[in-house]
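Shown here: run_11.cif, mmCIF, C-alpha atoms.
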```cif
data_upload
loop_
_atom_site.label_atom_id
_atom_site.label_comp_id
_atom_site.auth_asym_id
_atom_site.auth_seq_id
_atom_site.Cartn_x
_atom_site.Cartn_y
_atom_site.Cartn_z
CA MET A 1 -1.69 9.44 -21.83
CA SER A 2 -5.18 8.50 -22.88
CA THR A 3 -8.28 9.49 -20.97
CA ALA A 4 -10.12 6.22 -21.60
CA ALA A 5 -7.29 4.18 -20.08
CA PHE A 6 -7.21 6.53 -17.11
CA ILE A 7 -10.95 6.17 -16.46
CA VAL A 8 -10.92 2.37 -16.81
CA ILE A 9 -7.92 1.96 -14.47
CA ALA A 10 -9.33 4.45 -11.93
CA ILE A 11 -12.65 2.59 -11.77
CA LEU A 12 -10.81 -0.73 -11.46
CA ILE A 13 -8.61 0.51 -8.62
CA LEU A 14 -11.40 2.14 -6.63
CA ALA A 15 -13.85 -0.76 -7.05
CA ALA A 16 -11.21 -3.34 -6.06
CA ALA A 17 -10.09 -1.23 -3.10
CA LEU A 18 -13.68 -0.79 -1.89
CA ALA A 19 -14.21 -4.54 -2.22
CA ALA A 20 -11.01 -5.20 -0.25
CA ALA A 21 -12.17 -2.85 2.49
CA SER A 22 -15.74 -4.09 2.73
CA LEU A 23 -15.96 -7.78 1.78
CA PRO A 24 -16.71 -9.92 4.84
CA THR A 25 -14.58 -12.91 3.77
CA LEU A 26 -10.87 -12.39 4.34
CA ILE A 27 -9.67 -14.40 1.36
CA HIS A 28 -11.92 -12.46 -1.04
CA ALA A 29 -10.60 -9.23 0.42
CA ALA A 30 -7.01 -10.41 -0.12
CA LEU A 31 -7.72 -11.22 -3.78
CA SER A 32 -9.40 -7.82 -4.33
CA PHE A 33 -6.33 -6.27 -2.72
CA ALA A 34 -4.15 -7.97 -5.36
CA VAL A 35 -6.44 -6.67 -8.15
CA ALA A 36 -6.24 -3.13 -6.74
CA PHE A 37 -2.45 -3.29 -6.74
CA VAL A 38 -2.36 -4.52 -10.34
CA GLY A 39 -4.45 -1.43 -11.15
CA ILE A 40 -1.98 0.83 -9.35
CA ALA A 41 0.87 -0.76 -11.32
CA ALA A 42 -1.11 0.03 -14.50
CA PHE A 43 -1.29 3.65 -13.32
CA PHE A 44 2.49 3.68 -12.95
CA PHE A 45 2.82 2.39 -16.52
CA LEU A 46 0.41 5.11 -17.68
CA LEU A 47 2.54 7.73 -15.91
CA GLY A 48 5.69 6.54 -17.67
CA ALA A 49 7.36 4.95 -14.64
CA GLU A 50 7.48 1.40 -16.01
CA PHE A 51 10.13 0.24 -13.57
CA VAL A 52 8.07 1.27 -10.54
CA GLY A 53 5.07 -0.52 -12.03
CA LEU A 54 7.06 -3.72 -12.45
CA VAL A 55 8.45 -3.45 -8.91
CA GLN A 56 4.89 -2.90 -7.68
CA VAL A 57 3.68 -6.08 -9.41
CA PHE A 58 6.65 -8.12 -8.16
CA VAL A 59 6.55 -6.90 -4.57
CA TYR A 60 2.85 -6.45 -3.88
CA VAL A 61 1.06 -8.93 -6.13
CA GLY A 62 3.91 -11.43 -5.98
CA ALA A 63 5.07 -11.27 -2.39
CA VAL A 64 2.77 -9.28 -0.10
CA ALA A 65 -0.48 -10.79 -1.42
CA VAL A 66 0.94 -14.31 -1.00
CA LEU A 67 2.09 -13.41 2.53
CA ILE A 68 -1.40 -12.16 3.37
CA VAL A 69 -3.02 -15.32 1.99
CA PHE A 70 -0.60 -17.47 4.00
CA THR A 71 -1.38 -15.50 7.17
CA ILE A 72 -5.11 -15.93 6.54
CA LEU A 73 -4.64 -19.67 6.14
CA LEU A 74 -2.51 -19.91 9.29
CA THR A 75 -5.07 -17.99 11.37
CA ARG A 76 -8.06 -19.62 9.71
CA ARG A 77 -9.84 -20.73 12.86
CA ASP A 78 -10.59 -17.11 13.65
CA ALA A 79 -11.78 -16.15 10.16
CA THR A 80 -15.42 -16.97 10.81
CA THR A 81 -15.91 -14.79 13.87
CA PRO A 82 -18.29 -11.92 13.11
CA ASP A 83 -16.49 -8.72 12.31
CA LYS A 84 -18.25 -5.80 13.96
CA PHE A 85 -18.24 -2.89 11.55
CA ASN A 86 -17.35 0.44 13.11
CA TRP A 87 -19.30 3.27 11.46
CA GLY A 88 -17.16 5.95 13.09
CA GLY A 89 -14.39 5.00 10.66
CA VAL A 90 -16.71 5.71 7.71
CA VAL A 91 -17.46 9.20 9.03
CA ILE A 92 -13.75 9.98 9.55
CA ALA A 93 -12.79 8.60 6.13
CA ILE A 94 -15.48 10.67 4.36
CA ALA A 95 -14.42 13.79 6.27
CA VAL A 96 -10.76 13.28 5.31
CA PHE A 97 -11.78 12.64 1.70
CA ASN A 98 -13.81 15.85 1.56
CA GLY A 99 -10.90 17.80 3.01
CA LEU A 100 -8.43 16.35 0.51
CA VAL A 101 -10.72 16.90 -2.49
CA TRP A 102 -11.42 20.47 -1.38
CA ALA A 103 -7.67 21.13 -1.14
CA ILE A 104 -6.89 19.46 -4.49
CA PHE A 105 -9.55 21.24 -6.52
CA ARG A 106 -8.98 24.60 -4.85
CA THR A 107 -5.31 24.70 -5.88
CA PRO A 108 -5.06 26.11 -9.41
CA ALA A 109 -1.40 25.14 -9.77
CA LEU A 110 -2.43 21.47 -9.86
CA SER A 111 -4.65 21.67 -12.97
CA ILE A 112 -1.80 21.15 -15.42
CA GLY A 113 -1.31 18.68 -18.24
CA ALA A 114 1.64 16.34 -18.51
CA PRO A 115 4.74 17.84 -20.13
CA GLN A 116 6.61 15.98 -22.82
CA ILE A 117 9.44 14.05 -21.19
CA GLU A 118 12.09 11.71 -22.42
CA PRO A 119 11.34 8.14 -21.27
CA LEU A 120 12.93 7.05 -18.00
CA THR A 121 15.08 4.03 -18.75
CA VAL A 122 16.04 1.31 -16.29
CA LYS A 123 19.67 2.15 -17.12
CA ARG A 124 19.15 5.67 -15.81
CA ILE A 125 17.48 4.38 -12.63
CA GLY A 126 20.37 1.99 -12.06
CA GLU A 127 22.91 4.77 -12.54
CA VAL A 128 21.09 7.03 -10.08
CA LEU A 129 20.74 4.18 -7.55
CA MET A 130 24.48 3.52 -7.71
CA THR A 131 25.57 7.18 -7.50
CA ASP A 132 23.23 9.64 -5.77
CA TYR A 133 21.17 7.09 -3.85
CA VAL A 134 23.83 4.59 -2.85
CA TRP A 135 23.53 5.29 0.90
CA PRO A 136 19.72 5.05 0.96
CA LEU A 137 20.09 1.82 -1.02
CA GLN A 138 22.43 0.38 1.61
CA CYS A 139 20.09 1.49 4.40
CA VAL A 140 17.12 -0.17 2.68
CA GLY A 141 19.16 -3.35 2.41
CA LEU A 142 19.88 -3.17 6.13
CA VAL A 143 16.19 -2.51 6.93
CA LEU A 144 15.08 -5.46 4.80
CA THR A 145 17.59 -7.76 6.49
CA ALA A 146 16.49 -6.56 9.93
CA ALA A 147 12.83 -7.05 8.97
CA LEU A 148 13.54 -10.58 7.72
CA ILE A 149 15.35 -11.55 10.94
CA GLY A 150 12.77 -9.78 13.09
CA ALA A 151 9.86 -11.52 11.39
CA LEU A 152 11.55 -14.90 11.85
CA ILE A 153 12.22 -14.23 15.55
CA LEU A 154 8.65 -13.04 16.13
CA VAL A 155 7.20 -16.19 14.61
CA MET A 156 9.69 -18.56 16.27
CA GLU A 157 9.52 -17.18 19.81
CA GLU A 158 6.28 -18.80 20.86
CA LYS A 159 7.41 -22.26 19.86
CA ASN A 160 10.53 -22.01 22.05
CA SER A 161 8.72 -20.86 25.18
CA LYS A 162 6.09 -23.56 24.82
CA SER A 163 8.52 -26.48 24.85
CA MET B 1 -8.08 16.01 -23.41
CA THR B 2 -5.53 14.19 -21.32
CA PRO B 3 -5.89 13.61 -17.57
CA THR B 4 -4.52 16.42 -15.45
CA LEU B 5 -2.56 16.14 -12.24
CA GLN B 6 -5.73 16.89 -10.25
CA LEU B 7 -7.41 13.72 -11.48
CA PHE B 8 -4.48 11.55 -10.41
CA LEU B 9 -4.46 13.25 -7.02
CA PHE B 10 -8.22 12.71 -6.75
CA VAL B 11 -7.89 8.96 -7.39
CA SER B 12 -5.03 8.76 -4.93
CA ALA B 13 -7.02 10.65 -2.29
CA ALA B 14 -9.95 8.27 -2.79
CA LEU B 15 -7.62 5.28 -2.45
CA PHE B 16 -6.09 6.75 0.71
CA CYS B 17 -9.53 7.25 2.27
CA ILE B 18 -10.61 3.70 1.40
CA GLY B 19 -7.45 2.49 3.12
CA LEU B 20 -8.22 4.70 6.11
CA LEU B 21 -11.75 3.28 6.18
CA ALA B 22 -10.41 -0.28 6.18
CA ALA B 23 -7.86 0.50 8.89
CA LEU B 24 -10.33 2.30 11.15
CA SER B 25 -13.57 0.38 10.85
CA ARG B 26 -12.54 -3.26 10.45
CA ARG B 27 -11.62 -5.14 13.60
CA HIS B 28 -9.60 -7.88 11.98
CA ALA B 29 -5.83 -7.34 12.19
CA ILE B 30 -5.21 -8.47 8.58
CA PHE B 31 -7.80 -5.96 7.29
CA ILE B 32 -5.98 -3.22 9.17
CA LEU B 33 -2.70 -4.21 7.49
CA ILE B 34 -4.42 -4.22 4.07
CA GLY B 35 -5.70 -0.70 4.78
CA ILE B 36 -2.22 0.51 5.73
CA GLU B 37 -0.79 -0.98 2.53
CA MET B 38 -3.44 0.85 0.50
CA MET B 39 -2.58 4.17 2.16
CA LEU B 40 1.12 3.62 1.37
CA ALA B 41 0.26 2.81 -2.25
CA ALA B 42 -1.77 6.03 -2.52
CA ALA B 43 1.27 7.97 -1.31
CA ASN B 44 3.44 6.22 -3.93
CA LEU B 45 0.93 7.15 -6.61
CA ASN B 46 1.22 10.79 -5.53
CA PHE B 47 5.03 10.68 -5.68
CA VAL B 48 5.05 9.28 -9.21
CA ALA B 49 2.28 11.63 -10.41
CA PHE B 50 4.12 14.70 -9.10
CA TRP B 51 7.31 13.44 -10.76
CA ARG B 52 5.53 13.00 -14.11
CA PHE B 53 3.82 16.39 -14.09
CA SER B 54 6.75 18.50 -12.93
CA PRO B 55 9.60 19.86 -15.06
CA GLN B 56 11.97 16.94 -15.13
CA PRO B 57 14.45 17.02 -12.26
CA GLN B 58 17.77 15.21 -12.52
CA PRO B 59 17.87 12.65 -10.87
CA PRO B 60 14.20 11.44 -11.01
CA ILE B 61 13.46 12.01 -7.33
CA GLY B 62 9.79 10.98 -7.29
CA VAL B 63 10.49 7.61 -8.87
CA MET B 64 13.36 6.91 -6.50
CA VAL B 65 11.28 7.79 -3.44
CA ALA B 66 8.49 5.52 -4.70
CA ILE B 67 10.91 2.59 -5.15
CA PHE B 68 12.33 3.02 -1.63
CA SER B 69 8.82 3.40 -0.24
CA ILE B 70 7.75 0.10 -1.84
CA ALA B 71 10.77 -1.61 -0.24
CA ILE B 72 9.93 -0.19 3.20
CA ALA B 73 6.27 -1.18 2.78
CA ALA B 74 7.32 -4.76 1.99
CA ALA B 75 9.41 -4.89 5.18
CA GLU B 76 6.48 -3.45 7.14
CA ALA B 77 4.07 -6.04 5.73
CA ALA B 78 6.42 -8.91 6.59
CA VAL B 79 6.87 -7.77 10.20
CA GLY B 80 3.17 -6.92 10.58
CA LEU B 81 2.01 -10.32 9.36
CA ALA B 82 4.57 -12.06 11.61
CA LEU B 83 3.09 -10.07 14.51
CA VAL B 84 -0.41 -11.19 13.52
CA ILE B 85 0.71 -14.84 13.55
CA ALA B 86 2.47 -14.43 16.91
CA ILE B 87 -0.64 -12.76 18.41
CA TYR B 88 -2.86 -15.50 17.00
CA ARG B 89 -0.69 -18.20 18.59
CA HIS B 90 -0.91 -16.47 21.93
CA TYR B 91 -4.55 -15.35 22.10
CA ARG B 92 -6.21 -17.63 19.49
CA THR B 93 -7.81 -14.56 17.90
CA THR B 94 -6.86 -11.79 15.51
CA ASN B 95 -9.69 -9.47 16.50
CA VAL B 96 -7.97 -6.33 17.78
CA ASP B 97 -10.86 -5.49 20.11
CA ARG B 98 -10.10 -8.59 22.18
CA LEU B 99 -6.40 -7.80 22.54
CA ASP B 100 -6.87 -5.58 25.57
CA GLN B 101 -4.29 -6.71 28.12
CA LEU B 102 -0.66 -5.73 28.43
CA LYS B 103 0.25 -8.78 30.50
CA GLY B 104 1.24 -11.73 28.31
#
```

Target encoding structure tokens, full file:
Amino acid sequence: MSTAAFIVIAILILAAALAAASLPTLIHAALSFAVAFVGIAAFFFLLGAEFVGLVQVFVYVGAVAVLIVFTILLTRRDATTPDKFNWGGVVIAIAVFNGLVWAIFRTPALSIGAPQIEPLTVKRIGEVLMTDYVWPLQCVGLVLTAALIGALILVMEEKNSKS
Amino acid sequence: MTPTLQLFLFVSAALFCIGLLAALSRRHAIFILIGIEMMLAAANLNFVAFWRFSPQPQPPIGVMVAIFSIAIAAAEAAVGLALVIAIYRHYRTTNVDRLDQLKG
């Protein structure tokens, strides 16, 4: 795990996330969001969880970012209304950040280096998913199906009541 | 010198607070969803970092929790964006400050 890669990826993630949170144009914010999630996937690769990194790229950069862009395009008429910035949120976010950093750097048990581990193969993940985690896997399948049907019903409902 | 667990937790805390900032101070519904997604991603980063820095458990719990969390976050994003579209059709706005009536 190299320090230079860590610093570069950390700066990339935080800059892209700040841009996504503060850019006034929605579409720019959505693209910065995609960049931030590519950076998080790079972090997962750095941590040795390659499968999670790939899933992150597929799901977030592939699907969720496209969904967000589609939603922005479908609600475009509203995109130019001025967005009043609420400074109370900044105060709360900075307070939470200070609390978290205080807790992280006060805990001596957290200042450890990475141990040597054997690489986590996709075969191992598949075995675990099919043995120990088979019920959570089924429940996630059910949740995803329910979310798909629910999203369709939510979007269709208005059209039916209008006609 | 290799990065310690504290540095990963620091980056994840910063990401969480940027997500909190986006969710609390922007008034556009899509920005709020982006902020929630960022907070979920920060939590995933913590799960994987704790997995990597701990003595290896069998099975790899942190990685499994992160995978399930990504799946749930995708479902949440799909339903949330469908809600944004439904609200936009009804009120012609996605500014959450103007959605202030319970009566449809």

Please compute the atom CA of Ile87 of chain B-atom CA of Ala63 of chain A distance, one decimal, in Å.
21.6 Å

Nearest candidate to Ala41 of chain B (options B:Ala29, B:Val65, B:Ala73, B:Leu20; using all atoms listed in the file):
B:Ala73

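Applied to the shown file, the PyMOL selection byres ((chain A) within 6 of (chain B)) selects the residues A:Ser2, A:Thr3, A:Ala21, A:Asp78, A:Phe85, A:Asn86, A:Gly89, A:Val90, A:Ala93, A:Phe97, A:Leu110, A:Ser111, A:Ile112, A:Gly113, A:Ala114, A:Leu144, A:Ala147, A:Ala151, A:Val155.
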
As an exercise, work out the distance from atom CA of Leu12 of chain A to atom CA of Ala36 of chain A in Å and give it to one decimal place.
7.0 Å

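Here atom CA of Met156 of chain A and atom CA of Arg76 of chain A stand 19.0 Å from one another.
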
Using only C-alpha atoms, determine which residues lie at most 10 Å from Ile13 of chain A, disregarding the query and same-chain residues fewer than 6 positions distant; provide the list as a list in words.
Ile7, Ala19, Ser32, Phe33, Val35, Ala36, Phe37, Val38, Gly39, Ile40, Ala41, Ala42 and Phe43 of chain A; Val11, Ser12, Ala14 and Leu15 of chain B

Looking at A:Ala34, A:Leu120, A:Ile104, A:Leu142, which one is nearest to Ala20 of chain A, with distances taken over only C-alpha atoms?
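Between A:Ala34, A:Leu120, A:Ile104, A:Leu142, the residue approaching Ala20 of chain A most closely is A:Ala34.
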
Residue neighbourhood Ile72 of chain A, 9 Å, only C-alpha atoms, exclusion window fewer than 5 positions, as a PyMOL selection string
(chain A and resi 26-27+30+67+79) or (chain B and resi 30)

Include C-alpha atoms and write out the residues we just selected as an mmCIF file, in the coordinates of the input.
```cif
data_model
loop_
_atom_site.group_PDB
_atom_site.id
_atom_site.type_symbol
_atom_site.label_atom_id
_atom_site.label_comp_id
_atom_site.auth_asym_id
_atom_site.auth_seq_id
_atom_site.Cartn_x
_atom_site.Cartn_y
_atom_site.Cartn_z
ATOM 1 C CA LEU A 26 -10.870 -12.390 4.340
ATOM 2 C CA ILE A 27 -9.670 -14.400 1.360
ATOM 3 C CA ALA A 30 -7.010 -10.410 -0.120
ATOM 4 C CA LEU A 67 2.090 -13.410 2.530
ATOM 5 C CA ALA A 79 -11.780 -16.150 10.160
ATOM 6 C CA ILE B 30 -5.210 -8.470 8.580
#
```

Would you give the centre and edge lengths, in Å to one decimal, of a box along x, y and z around the listed atoms of segment 110-116 of chain A, with 6 Å added to each side, as AutoDock Vina command-line options?
```
--center_x 1.0 --center_y 18.8 --center_z -16.3 --size_x 23.3 --size_y 17.7 --size_z 25.0
```

Which is closest to Val122 of chain A among A:Phe44, A:Phe51, A:Phe105, A:Phe6, if we use all atoms listed in the file?
A:Phe51

Counting only C-alpha atoms, the residue of A:Ala49, A:Val55, A:Tyr60, A:Ile68 that sits nearest Arg124 of chain A
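For Arg124 of chain A, the nearest of the given residues is A:Ala49.
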